[in-house]
Amino acid sequence: MQHRIVVLGAGYTGGVAAGRLAKRLHRQDVAITLVNPEPDFVERVRLHQVAAGQGLRPRPFGEMFARTGVALKLARVTAVDVDRKTVTVTAANGPEQEELEYDTLVYALGSGWNDGGVPGTAEHAHEVSSRPGALRLRDRLAALDAGRPVVVVGGGLTGLETATEIAEARPDLRIELAVRGALGDWLSDKGRTHLRKVADRLGITVHEHAAVTAVAADAVTIADGRAIPAEVTVWTTGFAVHPIAQATTLELTDRGQIVVDTTMRSVSHPDVYAVGDAAMAMGPNDKPLRMSCASGIPMAWQAADAIAARLTGAKVPHVSIRYFQQCVSLGRKEGLIQFVTADDRAKDSSLTGRPAALYKELICKGAAWGVANPTAGLPSRRRRVAGQQTHVHRTPVKAAA
């Protein structure tokens, strides 16, 4: 009987985990099902570009996972029962429900925007953490007349990238950025100086120490009581994990993340692995890994390799998950690469300007390429699940063009 592996979510982490598992394990021994509501891969790290009106190259999963042995199920996850080891899904384009049974579950449902409970945010603000949200914002911006104010709330990576991308694409609009602390206060001196220069050059008005306390249809209110006019408000202050796990008996953090060990295995349910934003894993110096592609992809490598090793009786490997840089695009022509310590603290060194923009573009392309080519670079030998037949299946390796 085949070992049933169900992967929930086909973002960066779920896609990488499914493809890596398919490469590690013999096809006759496992059935790998990847569940996702959309038929093509969403480059989440580029959604600020979508909001600014840019088109992205389509990446259909049918092409990405062709001949890998991964079965794609277009459906939305509505429930997970980790005690019965089942997942309930609803067809992407209809009301039909189905229950999937699993032997091993990889939970990679990720996160969405977090309104933080701030009054009016859910009703009046836009988000760029999902493709539908980015497309709605794109259409709203396209309808704005010149001179209208757009306020981006949040001074993290997403807020910086969104504000600068819109300002570069629509110099006729009045772009303002409201940040809780000082602009780029986590960056090195060089990084902060460059960020401020770019914001000034793009005509972005920055409101520092301006925590937003309410959002209305035409303005945001900040902590000191002042109202900042906003024809459009874009909310980028953080992420909230997918709520499905909260209805399970999995051990979770207060934020709803699944608590995992160093192999990304649930500490409460050993047949469940969690990767990406959905998981709480510890990094260097016992600091939690932040929600990011930089954390999620190595988490997916670790989970897939640990699952394969445990199923085949091999030694469980351990991936070193550490940070090297934070990459920020500041429009299409400018960028900032802040080099960091293993536990994500800024170093004195950084890369700025056009070279940084090219560097960031290379990182984005590499991340998408890794999902589109999930088995590239791995040995062609697939291992047999313990207790199965011992003959070896070899997949032909095509020479690089």
# chains A, B, ... in the order shown; residues from 1 in each chain; ligands from 1

$ select_by_dssp --residues "stretch 47-270 of chain A" --states "strand (DSSP E or B)" --output "number ranges by chain"
A: 60, 70-81, 86-91, 97-101, 104-107, 111-113, 125-126, 149-153, 174-178, 205-207, 212-215, 219-222, 227-229, 232-235, 239-241, 252, 258-260, 265-266

$ closest_atom_pairs --of "stretch 245-355 of chain A" --to "stretch 45-53 of chain A" --cutoff "12 Å" --atoms "only C-alpha atoms" --output "JSON lines"
{"residue": "A:Ser292", "atom": "CA", "partner": "A:Val45", "partner_atom": "CA", "distance": 9.2}
{"residue": "A:Cys293", "atom": "CA", "partner": "A:Val45", "partner_atom": "CA", "distance": 8.0}
{"residue": "A:Ala294", "atom": "CA", "partner": "A:Val45", "partner_atom": "CA", "distance": 10.8}
{"residue": "A:Cys327", "atom": "CA", "partner": "A:Val45", "partner_atom": "CA", "distance": 10.5}
{"residue": "A:Val328", "atom": "CA", "partner": "A:Val45", "partner_atom": "CA", "distance": 10.1}
{"residue": "A:Ser329", "atom": "CA", "partner": "A:Arg46", "partner_atom": "CA", "distance": 9.6}
{"residue": "A:Leu330", "atom": "CA", "partner": "A:His48", "partner_atom": "CA", "distance": 10.5}
{"residue": "A:Gly331", "atom": "CA", "partner": "A:Gln49", "partner_atom": "CA", "distance": 8.5}
{"residue": "A:Arg332", "atom": "CA", "partner": "A:Gln49", "partner_atom": "CA", "distance": 9.0}

$ select_by_dssp --residues "stretch 4-162 of chain A" --states "helix (DSSP H, G or I)" --output "CSV table (one decimal) with N, CA and C atoms, in the first residue's frame"
chain,number,residue,atom,x,y,z
A,12,TYR,N,5.6,29.1,-1.9
A,12,TYR,CA,7.0,28.7,-2.0
A,12,TYR,C,7.3,27.4,-1.2
A,13,THR,N,6.8,27.4,0.0
A,13,THR,CA,7.2,26.3,0.9
A,13,THR,C,6.5,25.0,0.5
A,14,GLY,N,5.2,25.0,0.3
A,14,GLY,CA,4.5,23.8,-0.1
A,14,GLY,C,4.9,23.2,-1.4
A,15,GLY,N,5.2,24.1,-2.4
A,15,GLY,CA,5.6,23.7,-3.7
A,15,GLY,C,7.0,23.0,-3.6
A,16,VAL,N,7.9,23.6,-2.9
A,16,VAL,CA,9.2,23.1,-2.7
A,16,VAL,C,9.2,21.7,-2.0
A,17,ALA,N,8.4,21.6,-0.9
A,17,ALA,CA,8.3,20.4,-0.2
A,17,ALA,C,7.7,19.3,-1.0
A,18,ALA,N,6.7,19.5,-1.8
A,18,ALA,CA,6.1,18.5,-2.6
A,18,ALA,C,7.1,18.0,-3.6
A,19,GLY,N,7.7,18.9,-4.3
A,19,GLY,CA,8.6,18.5,-5.4
A,19,GLY,C,9.8,17.8,-4.8
A,20,ARG,N,10.3,18.2,-3.7
A,20,ARG,CA,11.5,17.5,-3.1
A,20,ARG,C,11.2,16.1,-2.6
A,21,LEU,N,10.0,15.9,-2.0
A,21,LEU,CA,9.5,14.6,-1.6
A,21,LEU,C,9.4,13.7,-2.8
A,22,ALA,N,8.9,14.2,-3.9
A,22,ALA,CA,8.7,13.4,-5.2
A,22,ALA,C,10.1,12.9,-5.7
A,23,LYS,N,11.1,13.7,-5.5
A,23,LYS,CA,12.4,13.4,-5.9
A,23,LYS,C,13.1,12.4,-5.0
A,24,ARG,N,12.8,12.5,-3.7
A,24,ARG,CA,13.4,11.6,-2.7
A,24,ARG,C,12.9,10.2,-2.7
A,44,ARG,N,4.5,35.6,-4.4
A,44,ARG,CA,4.0,36.5,-3.4
A,44,ARG,C,4.9,37.7,-3.2
A,45,VAL,N,6.2,37.4,-3.3
A,45,VAL,CA,7.2,38.5,-3.1
A,45,VAL,C,7.2,39.6,-4.1
A,46,ARG,N,6.3,39.4,-5.2
A,46,ARG,CA,6.2,40.4,-6.2
A,46,ARG,C,4.8,41.0,-6.3
A,47,LEU,N,4.0,40.8,-5.3
A,47,LEU,CA,2.6,41.3,-5.4
A,47,LEU,C,2.5,42.8,-5.3
A,48,HIS,N,3.5,43.4,-4.8
A,48,HIS,CA,3.6,44.9,-4.8
A,48,HIS,C,3.7,45.4,-6.3
A,49,GLN,N,4.4,44.6,-7.1
A,49,GLN,CA,4.5,44.9,-8.5
A,49,GLN,C,3.2,44.8,-9.2
A,50,VAL,N,2.4,43.7,-8.9
A,50,VAL,CA,1.1,43.6,-9.4
A,50,VAL,C,0.2,44.7,-9.1
A,51,ALA,N,0.3,45.2,-7.8
A,51,ALA,CA,-0.5,46.3,-7.4
A,51,ALA,C,-0.2,47.6,-8.1
A,61,PHE,N,0.9,25.2,-12.5
A,61,PHE,CA,1.3,24.0,-11.8
A,61,PHE,C,1.4,22.8,-12.6
A,62,GLY,N,0.5,22.7,-13.6
A,62,GLY,CA,0.4,21.6,-14.5
A,62,GLY,C,1.8,21.4,-15.2
A,63,GLU,N,2.4,22.5,-15.6
A,63,GLU,CA,3.7,22.5,-16.2
A,63,GLU,C,4.8,22.3,-15.2
A,64,MET,N,4.7,22.9,-14.0
A,64,MET,CA,5.8,22.9,-13.0
A,64,MET,C,5.9,21.5,-12.5
A,121,THR,N,-10.0,49.1,9.4
A,121,THR,CA,-9.1,48.5,8.5
A,121,THR,C,-9.7,47.5,7.6
A,122,ALA,N,-10.4,46.6,8.1
A,122,ALA,CA,-11.0,45.5,7.3
A,122,ALA,C,-12.0,46.1,6.3
A,123,GLU,N,-12.7,47.2,6.7
A,123,GLU,CA,-13.7,47.7,5.8
A,123,GLU,C,-13.1,48.6,4.7
A,124,HIS,N,-12.0,49.4,5.0
A,124,HIS,CA,-11.6,50.4,4.1
A,124,HIS,C,-10.1,50.3,3.6
A,131,ARG,N,-3.0,37.5,-4.1
A,131,ARG,CA,-3.1,38.0,-5.5
A,131,ARG,C,-4.5,38.7,-5.7
A,132,PRO,N,-5.6,38.2,-5.2
A,132,PRO,CA,-6.8,39.0,-5.3
A,132,PRO,C,-6.7,40.4,-4.7
A,133,GLY,N,-6.1,40.5,-3.5
A,133,GLY,CA,-5.9,41.8,-2.9
A,133,GLY,C,-5.1,42.7,-3.7
A,134,ALA,N,-4.0,42.2,-4.3
A,134,ALA,CA,-3.1,43.0,-5.1
A,134,ALA,C,-3.8,43.5,-6.4
A,135,LEU,N,-4.7,42.6,-7.0
A,135,LEU,CA,-5.4,43.0,-8.2
A,135,LEU,C,-6.5,44.0,-7.9
A,136,ARG,N,-7.1,43.9,-6.7
A,136,ARG,CA,-8.1,44.9,-6.3
A,136,ARG,C,-7.4,46.3,-6.1
A,137,LEU,N,-6.3,46.3,-5.5
A,137,LEU,CA,-5.5,47.5,-5.3
A,137,LEU,C,-5.1,48.1,-6.7
A,138,ARG,N,-4.6,47.2,-7.6
A,138,ARG,CA,-4.2,47.7,-8.9
A,138,ARG,C,-5.4,48.4,-9.6
A,139,ASP,N,-6.6,47.9,-9.5
A,139,ASP,CA,-7.7,48.5,-10.2
A,139,ASP,C,-8.1,49.8,-9.5
A,140,ARG,N,-8.0,49.8,-8.2
A,140,ARG,CA,-8.4,51.0,-7.5
A,140,ARG,C,-7.4,52.2,-7.8
A,141,LEU,N,-6.1,51.8,-7.8
A,141,LEU,CA,-5.1,52.9,-8.2
A,141,LEU,C,-5.3,53.4,-9.6
A,142,ALA,N,-5.6,52.5,-10.5
A,142,ALA,CA,-5.8,52.8,-11.9
A,142,ALA,C,-6.9,53.9,-12.1
A,157,LEU,N,9.4,45.4,5.3
A,157,LEU,CA,9.8,45.2,3.9
A,157,LEU,C,8.6,45.4,3.0
A,158,THR,N,7.4,44.9,3.3
A,158,THR,CA,6.3,44.9,2.4
A,158,THR,C,5.9,46.4,2.2
A,159,GLY,N,5.8,47.1,3.3
A,159,GLY,CA,5.4,48.5,3.2
A,159,GLY,C,6.4,49.4,2.4
A,160,LEU,N,7.7,49.2,2.6
A,160,LEU,CA,8.7,49.9,1.8
A,160,LEU,C,8.6,49.6,0.3
A,161,GLU,N,8.5,48.3,0.0
A,161,GLU,CA,8.4,47.9,-1.4
A,161,GLU,C,7.1,48.4,-2.0
A,162,THR,N,6.0,48.3,-1.3
A,162,THR,CA,4.7,48.8,-1.9
A,162,THR,C,4.7,50.3,-2.1

$ residues_around --residues "A:Gln246" --least-positions-apart "3" --cutoff "9 Å" --atoms "only C-alpha atoms" --output "ChimeraX atom specification"
/A:242-243,249-250,252,256-258

$ closest_residue --among "A:Val80, A:Ala342, A:Ala10, A:Ala300" --to "A:Arg59" --atoms "only C-alpha atoms"
A:Ala10

$ residues_around --residues "A:Trp369" --least-positions-apart "2" --cutoff "12 Å" --atoms "only C-alpha atoms" --output "VMD selection string"
chain A and resid 12 15 to 16 41 43 57 59 64 362 to 367 371 to 376

$ write_last_selection --atoms "N, CA and C atoms" --output "PDB file, in the first residue's frame"
ATOM      1  N   TYR A  12       5.572  29.051  -1.931  1.00  0.00           N
ATOM      2  CA  TYR A  12       6.994  28.710  -2.010  1.00  0.00           C
ATOM      3  C   TYR A  12       7.297  27.445  -1.209  1.00  0.00           C
ATOM      4  N   GLY A  15       5.156  24.123  -2.386  1.00  0.00           N
ATOM      5  CA  GLY A  15       5.616  23.665  -3.691  1.00  0.00           C
ATOM      6  C   GLY A  15       6.978  23.007  -3.616  1.00  0.00           C
ATOM      7  N   VAL A  16       7.893  23.622  -2.873  1.00  0.00           N
ATOM      8  CA  VAL A  16       9.230  23.058  -2.727  1.00  0.00           C
ATOM      9  C   VAL A  16       9.174  21.721  -1.995  1.00  0.00           C
ATOM     10  N   PHE A  41       1.180  29.170  -9.842  1.00  0.00           N
ATOM     11  CA  PHE A  41       1.981  29.624  -8.717  1.00  0.00           C
ATOM     12  C   PHE A  41       1.930  31.143  -8.585  1.00  0.00           C
ATOM     13  N   GLU A  43       3.742  34.381  -7.158  1.00  0.00           N
ATOM     14  CA  GLU A  43       4.990  34.930  -6.625  1.00  0.00           C
ATOM     15  C   GLU A  43       4.642  36.016  -5.610  1.00  0.00           C
ATOM     16  N   ARG A  57       4.893  36.841 -15.197  1.00  0.00           N
ATOM     17  CA  ARG A  57       4.883  35.638 -16.023  1.00  0.00           C
ATOM     18  C   ARG A  57       4.048  34.545 -15.362  1.00  0.00           C
ATOM     19  N   ARG A  59       2.870  30.907 -14.202  1.00  0.00           N
ATOM     20  CA  ARG A  59       3.598  29.677 -13.897  1.00  0.00           C
ATOM     21  C   ARG A  59       2.592  28.589 -13.531  1.00  0.00           C
ATOM     22  N   MET A  64       4.708  22.933 -14.031  1.00  0.00           N
ATOM     23  CA  MET A  64       5.757  22.862 -13.023  1.00  0.00           C
ATOM     24  C   MET A  64       5.940  21.457 -12.463  1.00  0.00           C
ATOM     25  N   LEU A 362      17.446  38.895  -8.921  1.00  0.00           N
ATOM     26  CA  LEU A 362      18.024  37.562  -9.009  1.00  0.00           C
ATOM     27  C   LEU A 362      17.488  36.652  -7.915  1.00  0.00           C
ATOM     28  N   ILE A 363      17.348  37.180  -6.696  1.00  0.00           N
ATOM     29  CA  ILE A 363      16.792  36.405  -5.590  1.00  0.00           C
ATOM     30  C   ILE A 363      15.354  35.983  -5.883  1.00  0.00           C
ATOM     31  N   CYS A 364      14.546  36.919  -6.389  1.00  0.00           N
ATOM     32  CA  CYS A 364      13.146  36.611  -6.705  1.00  0.00           C
ATOM     33  C   CYS A 364      13.035  35.547  -7.794  1.00  0.00           C
ATOM     34  N   LYS A 365      13.843  35.711  -8.836  1.00  0.00           N
ATOM     35  CA  LYS A 365      13.822  34.732  -9.915  1.00  0.00           C
ATOM     36  C   LYS A 365      14.285  33.364  -9.422  1.00  0.00           C
ATOM     37  N   GLY A 366      15.298  33.361  -8.562  1.00  0.00           N
ATOM     38  CA  GLY A 366      15.803  32.102  -8.035  1.00  0.00           C
ATOM     39  C   GLY A 366      14.775  31.378  -7.181  1.00  0.00           C
ATOM     40  N   ALA A 367      14.018  32.134  -6.382  1.00  0.00           N
ATOM     41  CA  ALA A 367      12.994  31.515  -5.539  1.00  0.00           C
ATOM     42  C   ALA A 367      11.894  30.886  -6.390  1.00  0.00           C
ATOM     43  N   VAL A 371      10.829  26.648  -7.135  1.00  0.00           N
ATOM     44  CA  VAL A 371       9.517  25.998  -7.071  1.00  0.00           C
ATOM     45  C   VAL A 371       9.162  25.378  -8.418  1.00  0.00           C
ATOM     46  N   ALA A 372       9.485  26.094  -9.503  1.00  0.00           N
ATOM     47  CA  ALA A 372       9.173  25.591 -10.839  1.00  0.00           C
ATOM     48  C   ALA A 372      10.037  24.388 -11.217  1.00  0.00           C
ATOM     49  N   ASN A 373      11.188  24.242 -10.562  1.00  0.00           N
ATOM     50  CA  ASN A 373      12.090  23.117 -10.828  1.00  0.00           C
ATOM     51  C   ASN A 373      12.416  22.437  -9.503  1.00  0.00           C
ATOM     52  N   PRO A 374      11.405  21.858  -8.861  1.00  0.00           N
ATOM     53  CA  PRO A 374      11.581  21.383  -7.489  1.00  0.00           C
ATOM     54  C   PRO A 374      12.535  20.215  -7.346  1.00  0.00           C
ATOM     55  N   THR A 375      12.835  19.522  -8.444  1.00  0.00           N
ATOM     56  CA  THR A 375      13.696  18.346  -8.332  1.00  0.00           C
ATOM     57  C   THR A 375      15.084  18.601  -8.886  1.00  0.00           C
ATOM     58  N   ALA A 376      15.340  19.802  -9.399  1.00  0.00           N
ATOM     59  CA  ALA A 376      16.646  20.092  -9.992  1.00  0.00           C
ATOM     60  C   ALA A 376      17.738  20.044  -8.933  1.00  0.00           C
TER      61      ALA A 376
END

$ closest_residue --among "A:Gly283, A:Gly370, A:Gly335, A:Pro229" --to "A:Gly11" --atoms "only C-alpha atoms"
A:Gly370

$ residues_around --residues "A:Thr86" --least-positions-apart "6" --cutoff "7 Å" --atoms "only C-alpha atoms" --output "JSON, numbers by chain"
{"A": [80, 99, 100, 101, 102]}

$ closest_residue --among "A:Val232, A:Met299, A:Val385, A:Ala71" --to "A:Val151" --atoms "only C-alpha atoms"
A:Val232

$ atom_distance --atom1 "atom CA of A:Arg384" --atom2 "atom CA of A:Gln28"
8.5 Å

$ closest_residue --among "A:Asn285, A:Thr164, A:Thr262, A:Ser111" --to "A:Leu195" --atoms "only C-alpha atoms"
A:Thr164

$ atom_distance --atom1 "atom CA of A:Pro171" --atom2 "atom CA of A:Arg148"
10.8 Å

$ residues_around --residues "A:Thr236" --least-positions-apart "5" --cutoff "9 Å" --atoms "only C-alpha atoms" --output "list in words"
Trp113, Asn114, Asp115, His126, Glu127, Val128, Ser129, Val152, Val153, Gly154, Gly155, Gly156, Leu157, Thr158, Gly159 and Thr162 of chain A

$ write_last_selection --atoms "C-alpha atoms" --output "compact mmCIF listing (two decimals), in the first residue's frame"
# COMPACT_ATOMS: atom_id res chain seq x y z
CA TRP A 113 -2.77 40.14 5.97
CA ASN A 114 -3.32 41.14 9.58
CA ASP A 115 -5.53 44.14 10.27
CA HIS A 126 -6.35 47.32 0.83
CA GLU A 127 -3.79 44.52 1.21
CA VAL A 128 -1.04 43.07 -0.97
CA SER A 129 -0.50 39.72 0.75
CA VAL A 152 0.77 52.97 2.92
CA VAL A 153 0.69 51.87 6.56
CA GLY A 154 3.68 49.89 7.80
CA GLY A 155 7.43 50.41 7.54
CA GLY A 156 8.54 46.80 7.14
CA LEU A 157 9.77 45.21 3.94
CA THR A 158 6.29 44.95 2.40
CA GLY A 159 5.41 48.54 3.21
CA THR A 162 4.74 48.80 -1.89
